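Source file: run_30.txt; contents: compact mmCIF, C-alpha atoms and all ligand atoms.
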# COMPACT_ATOMS: atom_id res chain seq x y z
CA MET A 1 -9.73 -2.13 2.22
CA SER A 2 -12.44 -3.73 4.35
CA THR A 3 -12.74 -3.16 8.07
CA THR A 4 -11.78 -5.90 10.53
CA THR A 5 -12.40 -6.00 14.27
CA TRP A 6 -10.01 -7.93 16.51
CA LEU A 7 -11.02 -9.00 19.98
CA PRO A 8 -8.24 -10.37 22.18
CA ASP A 9 -8.45 -10.85 25.96
CA LEU A 10 -6.21 -7.85 26.55
CA ILE A 11 -5.00 -4.88 24.51
CA TYR A 12 -1.96 -2.75 25.37
CA VAL A 13 -3.18 0.84 25.13
CA ASN A 14 -1.66 3.96 26.69
CA GLY A 15 0.94 2.00 28.60
CA ARG A 16 -1.34 -0.62 30.18
CA PHE A 17 -3.38 -3.69 29.35
CA GLU A 18 -7.15 -3.27 29.08
CA SER A 19 -9.76 -6.02 28.82
CA GLY A 20 -13.16 -5.85 27.12
CA ARG A 21 -11.75 -3.79 24.26
CA ALA A 22 -11.72 -4.45 20.52
CA LEU A 23 -9.46 -3.03 17.83
CA VAL A 24 -11.19 -1.84 14.63
CA CYS A 25 -8.88 -1.43 11.62
CA ASP A 26 -8.49 -1.19 7.91
CA ASP A 27 -4.82 -0.61 7.10
CA LYS A 28 -4.88 1.88 9.96
CA ILE A 29 -6.46 1.70 13.39
CA LEU A 30 -9.90 3.27 13.14
CA LYS A 31 -10.91 2.97 16.78
CA ILE A 32 -10.48 1.01 19.97
CA THR A 33 -13.96 0.25 21.12
CA ASP A 34 -16.04 -1.61 23.70
CA ALA A 35 -16.02 -5.37 23.01
CA ASN A 36 -19.82 -5.51 23.45
CA GLU A 37 -20.22 -3.24 20.44
CA SER A 38 -18.30 -5.65 18.22
CA PRO A 39 -20.51 -8.65 17.38
CA ASN A 40 -18.53 -9.61 14.26
CA ALA A 41 -15.10 -9.40 15.82
CA ILE A 42 -12.39 -11.99 15.19
CA ARG A 43 -11.95 -13.51 18.64
CA LEU A 44 -8.34 -13.99 19.73
CA ASN A 45 -8.82 -16.27 22.72
CA ASN A 46 -6.25 -16.22 25.49
CA ARG A 47 -4.21 -13.64 23.71
CA ALA A 48 -2.84 -10.21 24.55
CA LEU A 49 -2.41 -7.77 21.69
CA LEU A 50 0.49 -5.30 21.53
CA PRO A 51 1.83 -2.80 18.98
CA GLY A 52 4.28 -4.29 16.48
CA LEU A 53 7.96 -4.22 17.37
CA ILE A 54 10.22 -1.93 15.36
CA ASN A 55 13.72 -3.17 14.57
CA ALA A 56 15.70 0.02 13.96
CA HIS A 57 19.02 -1.50 12.89
CA SER A 58 19.48 -4.59 10.74
CA HIS A 59 21.97 -6.00 8.25
CA ALA A 60 19.71 -8.74 6.91
CA PHE A 61 22.34 -10.65 4.92
CA GLN A 62 24.47 -11.22 8.03
CA ARG A 63 21.89 -13.85 9.02
CA ILE A 64 23.90 -16.32 6.90
CA ILE A 65 27.00 -16.21 9.12
CA ARG A 66 25.09 -17.02 12.28
CA GLY A 67 27.07 -19.65 14.20
CA ARG A 68 29.98 -19.50 11.78
CA THR A 69 32.16 -17.02 13.64
CA GLU A 70 31.98 -18.52 17.13
CA HIS A 71 35.44 -20.08 17.03
CA ARG A 72 39.01 -18.86 17.30
CA SER A 73 39.97 -17.70 13.84
CA HIS A 74 43.44 -16.20 13.82
CA HIS A 75 45.38 -17.89 16.61
CA THR A 76 45.25 -14.53 18.26
CA THR A 77 42.58 -12.60 20.15
CA ASP A 78 39.36 -12.46 18.20
CA SER A 79 37.57 -9.12 18.14
CA PHE A 80 35.05 -7.07 16.25
CA TRP A 81 37.74 -6.54 13.59
CA THR A 82 38.49 -10.25 13.02
CA TRP A 83 34.73 -10.92 12.93
CA ARG A 84 34.39 -8.19 10.32
CA GLU A 85 36.85 -9.90 7.97
CA GLN A 86 34.84 -13.13 8.25
CA MET A 87 31.61 -11.21 7.60
CA TYR A 88 33.13 -9.47 4.55
CA ALA A 89 34.24 -12.82 3.13
CA ALA A 90 30.64 -14.02 3.29
CA ALA A 91 29.25 -10.75 1.89
CA ASN A 92 31.51 -10.99 -1.12
CA ARG A 93 30.23 -14.39 -2.12
CA LEU A 94 26.57 -13.37 -2.36
CA ALA A 95 24.85 -13.03 -5.74
CA SER A 96 21.73 -10.89 -5.96
CA GLU A 97 19.44 -13.91 -5.53
CA ASP A 98 21.42 -14.87 -2.40
CA ILE A 99 20.91 -11.37 -0.97
CA TYR A 100 17.20 -11.80 -1.57
CA ALA A 101 17.11 -15.27 0.02
CA ALA A 102 19.20 -14.28 3.06
CA SER A 103 17.11 -11.15 3.61
CA ARG A 104 13.87 -13.07 3.29
CA LEU A 105 15.08 -15.57 5.88
CA ALA A 106 16.00 -12.79 8.31
CA PHE A 107 12.74 -10.90 7.74
CA LEU A 108 10.69 -14.07 8.12
CA GLU A 109 12.29 -14.70 11.50
CA MET A 110 11.60 -11.08 12.43
CA ALA A 111 7.93 -11.40 11.47
CA LEU A 112 7.54 -14.55 13.55
CA THR A 113 8.84 -12.69 16.61
CA GLY A 114 6.44 -9.75 16.33
CA ILE A 115 8.60 -7.31 14.36
CA THR A 116 6.44 -5.40 11.88
CA ALA A 117 8.94 -2.85 10.52
CA VAL A 118 12.69 -2.87 10.01
CA GLY A 119 15.36 -0.24 9.39
CA GLU A 120 17.68 -2.01 6.98
CA PHE A 121 21.18 -0.50 6.97
CA HIS A 122 22.04 -1.64 3.47
CA TYR A 123 25.59 -1.35 2.19
CA ILE A 124 26.19 -4.04 -0.46
CA HIS A 125 25.61 -2.11 -3.67
CA HIS A 126 27.90 -3.58 -6.34
CA ALA A 127 28.68 -6.87 -8.06
CA PRO A 128 31.39 -9.04 -6.42
CA ASP A 129 34.04 -7.59 -8.78
CA GLY A 130 33.14 -4.05 -7.67
CA SER A 131 31.36 -3.07 -10.89
CA THR A 132 28.07 -1.19 -10.68
CA TYR A 133 25.00 -3.18 -11.74
CA SER A 134 23.01 -1.71 -14.63
CA ASP A 135 20.48 -0.84 -11.94
CA PRO A 136 22.70 0.56 -9.18
CA ASN A 137 19.94 -0.23 -6.69
CA LEU A 138 19.48 -3.84 -7.75
CA LEU A 139 20.52 -5.22 -4.37
CA ALA A 140 18.61 -2.61 -2.35
CA ARG A 141 15.52 -3.52 -4.34
CA GLU A 142 16.09 -7.23 -3.74
CA VAL A 143 16.13 -6.52 -0.01
CA ILE A 144 12.92 -4.47 -0.32
CA ARG A 145 11.34 -7.30 -2.32
CA ALA A 146 12.25 -9.74 0.46
CA ALA A 147 10.54 -7.54 3.07
CA HIS A 148 7.54 -7.19 0.79
CA ASP A 149 7.27 -10.96 0.28
CA VAL A 150 7.36 -11.53 4.03
CA GLY A 151 4.91 -8.68 4.59
CA ILE A 152 6.82 -6.38 6.94
CA ARG A 153 7.56 -2.69 6.42
CA ILE A 154 11.07 -1.59 5.54
CA ALA A 155 13.04 1.64 5.77
CA LEU A 156 15.87 1.03 3.30
CA LEU A 157 18.68 3.06 4.82
CA ARG A 158 21.00 3.33 1.85
CA VAL A 159 24.59 3.38 2.99
CA ALA A 160 27.24 5.85 1.86
CA TYR A 161 30.71 4.26 2.03
CA ALA A 162 33.74 6.03 0.60
CA ARG A 163 36.91 4.58 2.07
CA SER A 164 38.47 2.07 4.39
CA GLY A 165 39.50 4.71 6.93
CA PHE A 166 41.70 7.72 7.64
CA GLU A 167 45.14 7.17 6.07
CA THR A 168 44.23 3.53 5.56
CA GLU A 169 44.95 1.47 2.46
CA PRO A 170 41.81 0.42 0.53
CA ASN A 171 40.50 -2.94 1.73
CA PRO A 172 39.67 -5.11 -1.30
CA GLN A 173 36.94 -6.74 0.77
CA GLN A 174 34.99 -3.46 0.71
CA ILE A 175 34.71 -2.99 -3.07
CA ARG A 176 31.03 -3.89 -3.13
CA PHE A 177 30.18 -1.02 -0.75
CA ILE A 178 32.12 1.93 -2.09
CA GLU A 179 30.75 4.93 -3.98
CA HIS A 180 33.71 7.31 -4.06
CA SER A 181 31.91 10.58 -4.65
CA PRO A 182 28.85 12.00 -2.89
CA ASP A 183 27.44 12.89 -6.33
CA THR A 184 27.37 9.22 -7.32
CA TYR A 185 25.84 8.26 -4.01
CA LEU A 186 23.12 10.94 -4.26
CA LYS A 187 22.36 10.06 -7.89
CA HIS A 188 21.80 6.43 -6.89
CA LEU A 189 19.77 7.43 -3.86
CA GLU A 190 17.51 9.64 -5.98
CA GLN A 191 16.96 6.73 -8.36
CA LEU A 192 15.98 4.59 -5.40
CA LEU A 193 13.57 7.27 -4.14
CA ASP A 194 11.90 7.09 -7.56
CA ALA A 195 11.56 3.29 -7.54
CA PRO A 196 7.93 2.13 -7.81
CA GLU A 197 8.18 -0.08 -4.70
CA LEU A 198 8.84 3.01 -2.59
CA LYS A 199 5.63 4.69 -3.65
CA ASN A 200 3.63 3.30 -0.74
CA ASP A 201 3.90 3.26 3.03
CA MET A 202 5.29 -0.30 3.20
CA ALA A 203 8.75 0.82 2.05
CA TRP A 204 10.64 4.08 2.17
CA ALA A 205 14.25 5.24 2.05
CA GLY A 206 16.65 6.88 4.45
CA MET A 207 20.32 7.76 4.41
CA ALA A 208 23.10 5.96 6.19
CA PRO A 209 26.60 7.41 6.06
CA HIS A 210 28.29 4.24 7.33
CA SER A 211 30.60 5.74 9.98
CA ILE A 212 33.10 8.55 10.47
CA ARG A 213 35.77 6.05 9.49
CA ALA A 214 34.16 5.23 6.14
CA VAL A 215 32.85 8.68 5.13
CA PRO A 216 35.12 11.76 5.16
CA LEU A 217 33.67 14.97 6.53
CA ASP A 218 32.89 16.81 3.27
CA TYR A 219 31.07 13.76 1.90
CA LEU A 220 29.20 13.40 5.17
CA LYS A 221 28.07 17.04 5.11
CA THR A 222 26.71 16.63 1.58
CA VAL A 223 24.77 13.51 2.60
CA VAL A 224 23.27 15.11 5.70
CA ALA A 225 22.35 18.31 3.80
CA PHE A 226 20.35 16.20 1.33
CA ALA A 227 18.65 14.35 4.19
CA ASN A 228 17.72 17.64 5.85
CA GLU A 229 16.35 19.04 2.62
CA HIS A 230 14.16 15.96 2.09
CA SER A 231 13.37 15.21 5.77
CA LEU A 232 14.88 11.73 5.56
CA PRO A 233 16.12 9.73 8.53
CA VAL A 234 19.91 9.57 8.90
CA HIS A 235 21.54 6.55 10.55
CA MET A 236 25.23 6.14 11.28
CA HIS A 237 27.44 3.73 13.23
CA VAL A 238 28.98 5.87 15.97
CA ALA A 239 31.60 4.93 18.59
CA GLU A 240 31.03 1.17 18.38
CA GLN A 241 34.70 0.42 19.05
CA PRO A 242 37.42 2.44 20.87
CA ALA A 243 39.69 2.26 17.78
CA GLU A 244 37.07 4.15 15.79
CA VAL A 245 37.03 6.95 18.38
CA SER A 246 40.82 7.28 18.47
CA ALA A 247 41.03 7.34 14.65
CA CYS A 248 38.47 10.16 14.59
CA ILE A 249 40.42 12.15 17.17
CA GLU A 250 43.59 11.62 15.16
CA GLU A 251 41.94 12.87 11.95
CA TYR A 252 39.77 15.69 13.27
CA GLY A 253 40.97 16.39 16.80
CA ARG A 254 37.50 15.61 18.07
CA SER A 255 35.56 12.51 19.11
CA PRO A 256 32.85 11.27 16.70
CA VAL A 257 29.95 12.86 18.60
CA ALA A 258 31.87 16.11 19.11
CA LEU A 259 32.62 16.19 15.39
CA LEU A 260 28.98 15.56 14.52
CA GLU A 261 27.78 18.25 16.89
CA THR A 262 30.29 20.94 16.03
CA GLU A 263 29.64 20.42 12.32
CA GLY A 264 25.89 20.72 12.90
CA LEU A 265 25.12 17.20 11.72
CA LEU A 266 23.02 15.96 14.63
CA SER A 267 19.25 16.41 14.57
CA LYS A 268 16.05 14.76 15.73
CA ARG A 269 16.18 12.60 12.57
CA PHE A 270 19.72 11.41 13.35
CA THR A 271 20.21 7.97 14.89
CA ALA A 272 23.62 7.07 16.29
CA VAL A 273 23.86 3.29 16.18
CA HIS A 274 25.71 1.82 19.21
CA ALA A 275 27.14 5.11 20.62
CA ILE A 276 28.93 3.05 23.27
CA HIS A 277 32.32 4.71 23.82
CA VAL A 278 31.13 8.21 24.64
CA THR A 279 31.79 10.85 27.26
CA PRO A 280 29.19 12.65 29.42
CA LYS A 281 29.78 15.66 27.18
CA ALA A 282 28.87 13.62 24.10
CA ILE A 283 25.70 12.39 25.79
CA ALA A 284 24.72 15.99 26.53
CA SER A 285 25.34 16.84 22.86
CA MET A 286 23.05 14.04 21.75
CA ALA A 287 20.37 15.33 24.13
CA ARG A 288 20.68 18.94 22.94
CA ALA A 289 20.18 17.85 19.34
CA SER A 290 17.25 15.50 20.24
CA ALA A 291 19.16 12.76 18.38
CA ILE A 292 18.37 9.09 18.91
CA VAL A 293 20.63 6.22 19.99
CA CYS A 294 20.07 2.70 18.67
CA ALA A 295 21.38 0.02 21.02
CA CYS A 296 21.89 -3.50 19.65
CA PRO A 297 22.87 -5.40 22.80
CA THR A 298 22.54 -8.98 21.52
CA THR A 299 25.04 -8.09 18.80
CA GLU A 300 27.15 -5.86 21.03
CA ARG A 301 27.65 -8.68 23.53
CA ASN A 302 28.43 -11.10 20.69
CA LEU A 303 31.02 -8.81 19.12
CA GLY A 304 32.57 -7.65 22.39
CA ASP A 305 31.70 -4.04 21.63
CA GLY A 306 30.90 -2.89 25.14
CA VAL A 307 27.82 -1.64 26.98
CA VAL A 308 25.63 1.22 25.76
CA PRO A 309 25.28 3.67 28.69
CA VAL A 310 21.51 3.74 28.37
CA ASP A 311 21.16 4.94 31.97
CA ALA A 312 23.13 8.09 31.16
CA TYR A 313 21.22 8.56 27.92
CA PHE A 314 17.89 8.23 29.73
CA ASP A 315 19.00 10.65 32.45
CA ALA A 316 19.84 13.18 29.74
CA GLY A 317 16.50 12.60 27.98
CA VAL A 318 17.95 10.86 24.91
CA ARG A 319 15.61 8.49 23.10
CA VAL A 320 16.87 4.91 22.69
CA ALA A 321 15.73 2.50 19.96
CA LEU A 322 16.77 -1.14 19.48
CA GLY A 323 18.16 -3.22 16.63
CA THR A 324 18.98 -6.85 15.88
CA ASP A 325 22.02 -5.71 13.85
CA SER A 326 24.12 -8.83 13.04
CA GLN A 327 21.14 -11.21 13.49
CA ILE A 328 23.08 -13.44 15.88
CA GLN A 329 19.71 -13.58 17.59
CA ILE A 330 16.45 -12.15 16.27
CA ASP A 331 14.38 -11.36 19.31
CA LEU A 332 13.85 -7.67 19.96
CA LEU A 333 12.47 -8.30 23.44
CA GLU A 334 15.79 -9.97 24.29
CA ASP A 335 17.46 -6.73 23.18
CA ALA A 336 15.02 -4.79 25.37
CA ARG A 337 15.87 -6.82 28.48
CA GLU A 338 19.55 -6.93 27.61
CA VAL A 339 20.08 -3.14 27.74
CA GLU A 340 19.00 -3.39 31.38
CA TYR A 341 20.86 -6.64 32.16
CA HIS A 342 24.18 -5.35 30.77
CA LEU A 343 23.95 -2.43 33.18
CA ARG A 344 23.05 -4.70 36.11
CA LEU A 345 26.18 -6.78 35.48
CA GLN A 346 28.33 -3.71 35.06
CA LYS A 347 27.04 -1.89 38.16
CA THR A 348 26.05 -4.88 40.35
CA VAL A 349 22.66 -3.36 41.13
CA ARG A 350 19.13 -4.05 39.86
CA ASN A 351 16.45 -2.05 38.02
CA VAL A 352 19.02 0.43 36.72
CA LEU A 353 16.74 1.88 34.05
CA ALA A 354 13.58 2.06 36.17
CA PRO A 355 12.26 5.63 36.21
CA VAL A 356 12.86 7.29 39.59
CA ASP A 357 9.42 8.87 39.73
CA ASP A 358 7.37 5.71 39.10
CA ASP A 359 7.58 2.59 41.26
CA SER A 360 4.72 0.70 39.60
CA SER A 361 5.51 -2.92 38.74
CA SER A 362 5.55 -2.29 35.00
CA ALA A 363 7.35 1.09 34.89
CA LEU A 364 10.72 -0.37 33.88
CA ALA A 365 9.14 -2.81 31.42
CA ARG A 366 7.15 0.02 29.87
CA ARG A 367 10.29 2.03 29.31
CA LEU A 368 12.07 -0.91 27.68
CA PHE A 369 9.01 -1.77 25.58
CA ASP A 370 8.89 1.84 24.34
CA CYS A 371 12.46 1.36 23.07
CA ALA A 372 11.29 -1.66 21.07
CA THR A 373 8.27 0.17 19.63
CA VAL A 374 7.72 3.95 19.57
CA ARG A 375 11.40 4.88 19.75
CA GLY A 376 12.22 2.51 16.90
CA ALA A 377 9.44 4.03 14.83
CA GLU A 378 10.76 7.54 15.46
CA SER A 379 14.23 6.39 14.50
CA ILE A 380 13.23 4.98 11.11
CA GLY A 381 10.82 7.81 10.28
CA PHE A 382 7.52 6.04 10.76
CA ALA A 383 4.38 6.94 12.72
CA GLY A 384 4.04 3.47 14.28
CA GLY A 385 4.82 1.64 17.50
CA LYS A 386 1.57 2.42 19.33
CA LEU A 387 -2.08 1.47 19.25
CA GLU A 388 -4.30 4.51 18.78
CA PRO A 389 -6.76 5.76 16.17
CA GLY A 390 -4.96 6.86 13.02
CA ALA A 391 -1.85 4.77 13.75
CA PRO A 392 -0.88 1.98 11.33
CA ALA A 393 -2.67 -1.33 11.98
CA ASP A 394 0.57 -3.12 12.94
CA PHE A 395 0.43 -5.41 15.94
CA PHE A 396 1.17 -8.86 17.35
CA THR A 397 -0.39 -11.12 19.92
CA VAL A 398 1.08 -13.40 22.57
CA ASP A 399 -0.39 -16.59 23.96
CA LEU A 400 -1.29 -15.96 27.61
CA ASP A 401 -1.01 -19.70 28.28
CA ASP A 402 2.55 -19.94 27.02
CA LEU A 403 4.60 -21.39 29.84
CA SER A 404 7.07 -18.51 29.75
CA ILE A 405 4.41 -16.07 30.98
CA ALA A 406 1.52 -18.25 32.21
CA GLY A 407 -0.03 -17.44 35.57
CA CYS A 408 0.98 -13.80 35.87
CA LEU A 409 -1.27 -10.99 37.04
CA VAL A 410 -2.44 -8.46 34.45
CA ASP A 411 -0.47 -5.73 36.23
CA ASP A 412 2.71 -7.78 35.81
CA LEU A 413 2.02 -8.94 32.26
CA LEU A 414 4.18 -6.38 30.49
CA ALA A 415 7.13 -7.14 32.80
CA ASN A 416 6.57 -10.86 32.09
CA ILE A 417 6.58 -10.19 28.36
CA VAL A 418 9.64 -7.91 28.39
CA PHE A 419 11.73 -10.04 30.75
CA SER A 420 10.58 -13.60 30.16
CA LEU A 421 8.57 -14.16 26.96
CA SER A 422 9.74 -16.99 24.74
CA ARG A 423 9.53 -15.70 21.21
CA THR A 424 7.53 -18.80 20.25
CA ALA A 425 4.66 -17.35 22.33
CA VAL A 426 4.01 -14.88 19.48
CA ARG A 427 0.84 -16.12 17.78
CA ASP A 428 -0.51 -13.52 15.35
CA VAL A 429 1.19 -10.70 13.47
CA VAL A 430 -0.72 -8.09 11.47
CA VAL A 431 0.91 -5.41 9.29
CA ALA A 432 -1.15 -2.67 7.63
CA GLY A 433 -4.27 -4.62 8.61
CA LYS A 434 -3.10 -7.78 6.84
CA GLN A 435 -2.47 -10.89 8.89
CA ILE A 436 0.97 -12.31 8.01
CA VAL A 437 1.36 -14.71 10.96
CA LYS A 438 -1.57 -16.77 12.17
CA ASP A 439 -1.38 -19.13 15.16
CA GLY A 440 2.39 -18.87 15.06
CA ASN A 441 2.67 -19.76 11.36
CA HIS A 442 3.73 -17.72 8.36
CA GLY A 443 2.84 -18.81 4.82
CA LEU A 444 6.52 -18.88 3.86
CA HIS A 445 7.44 -21.24 6.68
CA GLY A 446 6.34 -24.80 7.41
ZN ZN A 501 25.39 -2.25 12.17
Show me this structure written as structure tokens.
Amino acid sequence: MSTTTWLPDLIYVNGRFESGRALVCDDKILKITDANESPNAIRLNNRALLPGLINAHSHAFQRIIRGRTEHRSHHTTDSFWTWREQMYAAANRLASEDIYAASRLAFLEMALTGITAVGEFHYIHHAPDGSTYSDPNLLAREVIRAAHDVGIRIALLRVAYARSGFETEPNPQQIRFIEHSPDTYLKHLEQLLDAPELKNDMAWAGMAPHSIRAVPLDYLKTVVAFANEHSLPVHMHVAEQPAEVSACIEEYGRSPVALLETEGLLSKRFTAVHAIHVTPKAIASMARASAIVCACPTTERNLGDGVVPVDAYFDAGVRVALGTDSQIQIDLLEDAREVEYHLRLQKTVRNVLAPVDDDSSSALARRLFDCATVRGAESIGFAGGKLEPGAPADFFTVDLDDLSIAGCLVDDLLANIVFSLSRTAVRDVVVAGKQIVKDGNHGLHG
């Protein structure tokens, strides 16, 4: 691959914006050099260049129900659980080409907002009648194809789903997800790991036992043992709703995080998605295991899930990544600001997540931006999220004249971007050195 040099007004390196610097890349970053030494650089006028955003938790197909669940549905109180029935009804109508089209739409929107890699928590495996396709990974591969056609990287986190819940009747709406035995699940996962489209660094696989509710303990242990043996990321929905926590206590006499810890299932490759309804003890367990939390606040506010206690996680040293989850809104910087804003509303104070030992104007923004970049990369098992030699050439630019951030000082630019950027200010997106968005346009759109 040939070498390209990019010369924006400002580059975000080592936690601050620098001017007079150029980025030299092939599919990786080769060096960040003095602009004067770069006569053939591609000039990006009036633009600041930042590492690509990493979306650690996505269900791409849910993009199709956007705006279709914002009404009273059951003449009773709507909740996560009533939303879920509506979402299932949509999921069960999708043919494989619909899964591809819905995923491509979601990934296209992600690309246009500066997201360069996604962790796709994929759980629709079977045909609508519950039968296994002749290729049991047909739908997973359609989702990977959609990411490939848009040009973003994908960690296909293949979901294990065994049951409706503890002492719960099977839900016919879940027949497309279920693989009853861990042997079947692992056989299908191994076939996916062998798929030709996973033989490069644009796509890779991880494991996603759906939740404690959906995967009984023995099954879960088998899944995690395989992940440990193969160093794969493990993602799981944990403590999203109080009912899930009480069901776990009823079945195992322990909360979800306590169960995961006492069974030795937490690790630095484990991401607990949501992890909202947790105790201080659970937070300490997450910290001890160096596990990661993925907050999805635009979805969590939409579903009425609750507030992720990111302040307590930060105090304990737990890493926090971000996800667009239900795709009600695809704007990872909105998720970044929302983790802070939820806590402001809850505690009626400001700058809750600002580090205590750093009062610089961008310290809080830097912390939130790390969640949207490096922490997401760590969560999905990828060495991205930062601009440095040897890192993947994945980045985006913003228009410094966009009205949402125009007129700010360089020292305040990151805080302007994290708290105020309109996503339409994203101008260029490059993944593995290849430009997929130019001047705000993607080849698949407009
Ligand atoms: Zn989810």
**Prompt:** Which residue gives the smallest distance to A:Lys386 among A:Arg21, A:Gly52, A:Thr5, A:Arg72, with all atoms listed in the file counted?
**Reply:** A:Gly52
**Message:** Can you work out which residues are within 8 Å of ligand ZN 501 (chain A), considering all atoms listed in the file, and then hand them over as a PyMOL selection string?
**Reply:** chain A and resi 57-59+121+237+273+325-326
Keeping C-alpha atoms for every residue in the selection just given, could you write it to a file as a PDB file, keeping the file's coordinate frame?
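Output file part-v4.pdb follows:
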ATOM      1  CA  HIS A  57      19.020  -1.500  12.890  1.00  0.00           C
ATOM      2  CA  SER A  58      19.480  -4.590  10.740  1.00  0.00           C
ATOM      3  CA  HIS A  59      21.970  -6.000   8.250  1.00  0.00           C
ATOM      4  CA  PHE A 121      21.180  -0.500   6.970  1.00  0.00           C
ATOM      5  CA  HIS A 237      27.440   3.730  13.230  1.00  0.00           C
ATOM      6  CA  VAL A 273      23.860   3.290  16.180  1.00  0.00           C
ATOM      7  CA  ASP A 325      22.020  -5.710  13.850  1.00  0.00           C
ATOM      8  CA  SER A 326      24.120  -8.830  13.040  1.00  0.00           C
TER       9      SER A 326
END
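Those residues that approach A:Thr373 to within 8 Å, counting all atoms listed in the file, are Pro51, Gly52, Leu53, Ile54, Ala321, Gly384, Gly385 and Lys386 of chain A; same-chain residues fewer than 5 positions away are not listed.
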**Prompt:** Can you list, as number ranges by chain, every protein, DNA or RNA residue that comes within 8 Å of stretch 284-298 of chain A when you count all atoms listed in the file, leaving out same-chain residues fewer than 3 positions away?
**Reply:** A: 56-57, 257-258, 261, 266-275, 280-281, 301-302, 307-308, 313, 316-325, 328-329, 334-335, 338-339, 379
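Minimum atom-to-atom distance to A:Leu108, evaluated using all atoms listed in the file, belongs to A:Ile152 out of A:Ile152, A:Val418, A:Ile144, A:Val238.
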**Message:** From (10.5, -9.0, 1.6), in the file's coordinates, out to 12 Å: which residues are reached, counting all atoms listed in the file? Answer as a PyMOL selection string.
**Reply:** chain A and resi 60+99-111+116-118+120+140-156+197+202-203+436+444
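The gap separating atom CA of A:His71 from atom CA of A:Asp98 is 24.5 Å, in Å to one decimal.
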For stretch 421-430 of chain A, find every residue with an atom within 8 Å (counting all atoms listed in the file), except residues of its own chain fewer than 2 positions away, and show them as a JSON list (two decimals) with C-alpha atoms, in the coordinates of the input.
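And here is the file that came out, around_16.json:
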[["chain", "number", "residue", "atom", "x", "y", "z"],
["A", 52, "GLY", "CA", 4.28, -4.29, 16.48],
["A", 111, "ALA", "CA", 7.93, -11.40, 11.47],
["A", 112, "LEU", "CA", 7.54, -14.55, 13.55],
["A", 113, "THR", "CA", 8.84, -12.69, 16.61],
["A", 114, "GLY", "CA", 6.44, -9.75, 16.33],
["A", 116, "THR", "CA", 6.44, -5.40, 11.88],
["A", 331, "ASP", "CA", 14.38, -11.36, 19.31],
["A", 333, "LEU", "CA", 12.47, -8.30, 23.44],
["A", 393, "ALA", "CA", -2.67, -1.33, 11.98],
["A", 394, "ASP", "CA", 0.57, -3.12, 12.94],
["A", 395, "PHE", "CA", 0.43, -5.41, 15.94],
["A", 396, "PHE", "CA", 1.17, -8.86, 17.35],
["A", 397, "THR", "CA", -0.39, -11.12, 19.92],
["A", 398, "VAL", "CA", 1.08, -13.40, 22.57],
["A", 399, "ASP", "CA", -0.39, -16.59, 23.96],
["A", 402, "ASP", "CA", 2.55, -19.94, 27.02],
["A", 404, "SER", "CA", 7.07, -18.51, 29.75],
["A", 405, "ILE", "CA", 4.41, -16.07, 30.98],
["A", 416, "ASN", "CA", 6.57, -10.86, 32.09],
["A", 417, "ILE", "CA", 6.58, -10.19, 28.36],
["A", 418, "VAL", "CA", 9.64, -7.91, 28.39],
["A", 419, "PHE", "CA", 11.73, -10.04, 30.75],
["A", 432, "ALA", "CA", -1.15, -2.67, 7.63],
["A", 433, "GLY", "CA", -4.27, -4.62, 8.61],
["A", 434, "LYS", "CA", -3.10, -7.78, 6.84],
["A", 435, "GLN", "CA", -2.47, -10.89, 8.89],
["A", 436, "ILE", "CA", 0.97, -12.31, 8.01],
["A", 437, "VAL", "CA", 1.36, -14.71, 10.96],
["A", 438, "LYS", "CA", -1.57, -16.77, 12.17],
["A", 439, "ASP", "CA", -1.38, -19.13, 15.16],
["A", 440, "GLY", "CA", 2.39, -18.87, 15.06],
["A", 441, "ASN", "CA", 2.67, -19.76, 11.36]]
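Atom CA of A:Ala415 lies 24.2 Å from atom CA of A:Ala391.
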Serialized stretch 67-71 of chain A w/ N, CA, C and O atoms as a PDB file, in the first residue's frame:
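Listing of selection.pdb after writing:
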ATOM      1  N   GLY A  67     -37.688   5.188  16.060  1.00  0.00           N
ATOM      2  CA  GLY A  67     -38.910   5.997  15.945  1.00  0.00           C
ATOM      3  C   GLY A  67     -40.201   5.196  15.936  1.00  0.00           C
ATOM      4  O   GLY A  67     -41.281   5.772  15.842  1.00  0.00           O
ATOM      5  N   ARG A  68     -40.101   3.882  16.022  1.00  0.00           N
ATOM      6  CA  ARG A  68     -41.314   3.062  15.928  1.00  0.00           C
ATOM      7  C   ARG A  68     -41.755   2.506  17.286  1.00  0.00           C
ATOM      8  O   ARG A  68     -42.722   1.757  17.360  1.00  0.00           O
ATOM      9  N   THR A  69     -41.030   2.868  18.326  1.00  0.00           N
ATOM     10  CA  THR A  69     -41.408   2.367  19.649  1.00  0.00           C
ATOM     11  C   THR A  69     -41.636   3.529  20.623  1.00  0.00           C
ATOM     12  O   THR A  69     -41.702   3.319  21.833  1.00  0.00           O
ATOM     13  N   GLU A  70     -41.786   4.720  20.075  1.00  0.00           N
ATOM     14  CA  GLU A  70     -41.911   5.901  20.942  1.00  0.00           C
ATOM     15  C   GLU A  70     -43.386   6.248  21.134  1.00  0.00           C
ATOM     16  O   GLU A  70     -43.799   7.387  20.927  1.00  0.00           O
ATOM     17  N   HIS A  71     -44.178   5.257  21.445  1.00  0.00           N
ATOM     18  CA  HIS A  71     -45.610   5.492  21.701  1.00  0.00           C
ATOM     19  C   HIS A  71     -46.079   4.448  22.699  1.00  0.00           C
ATOM     20  O   HIS A  71     -45.467   3.386  22.836  1.00  0.00           O
TER      21      HIS A  71
END
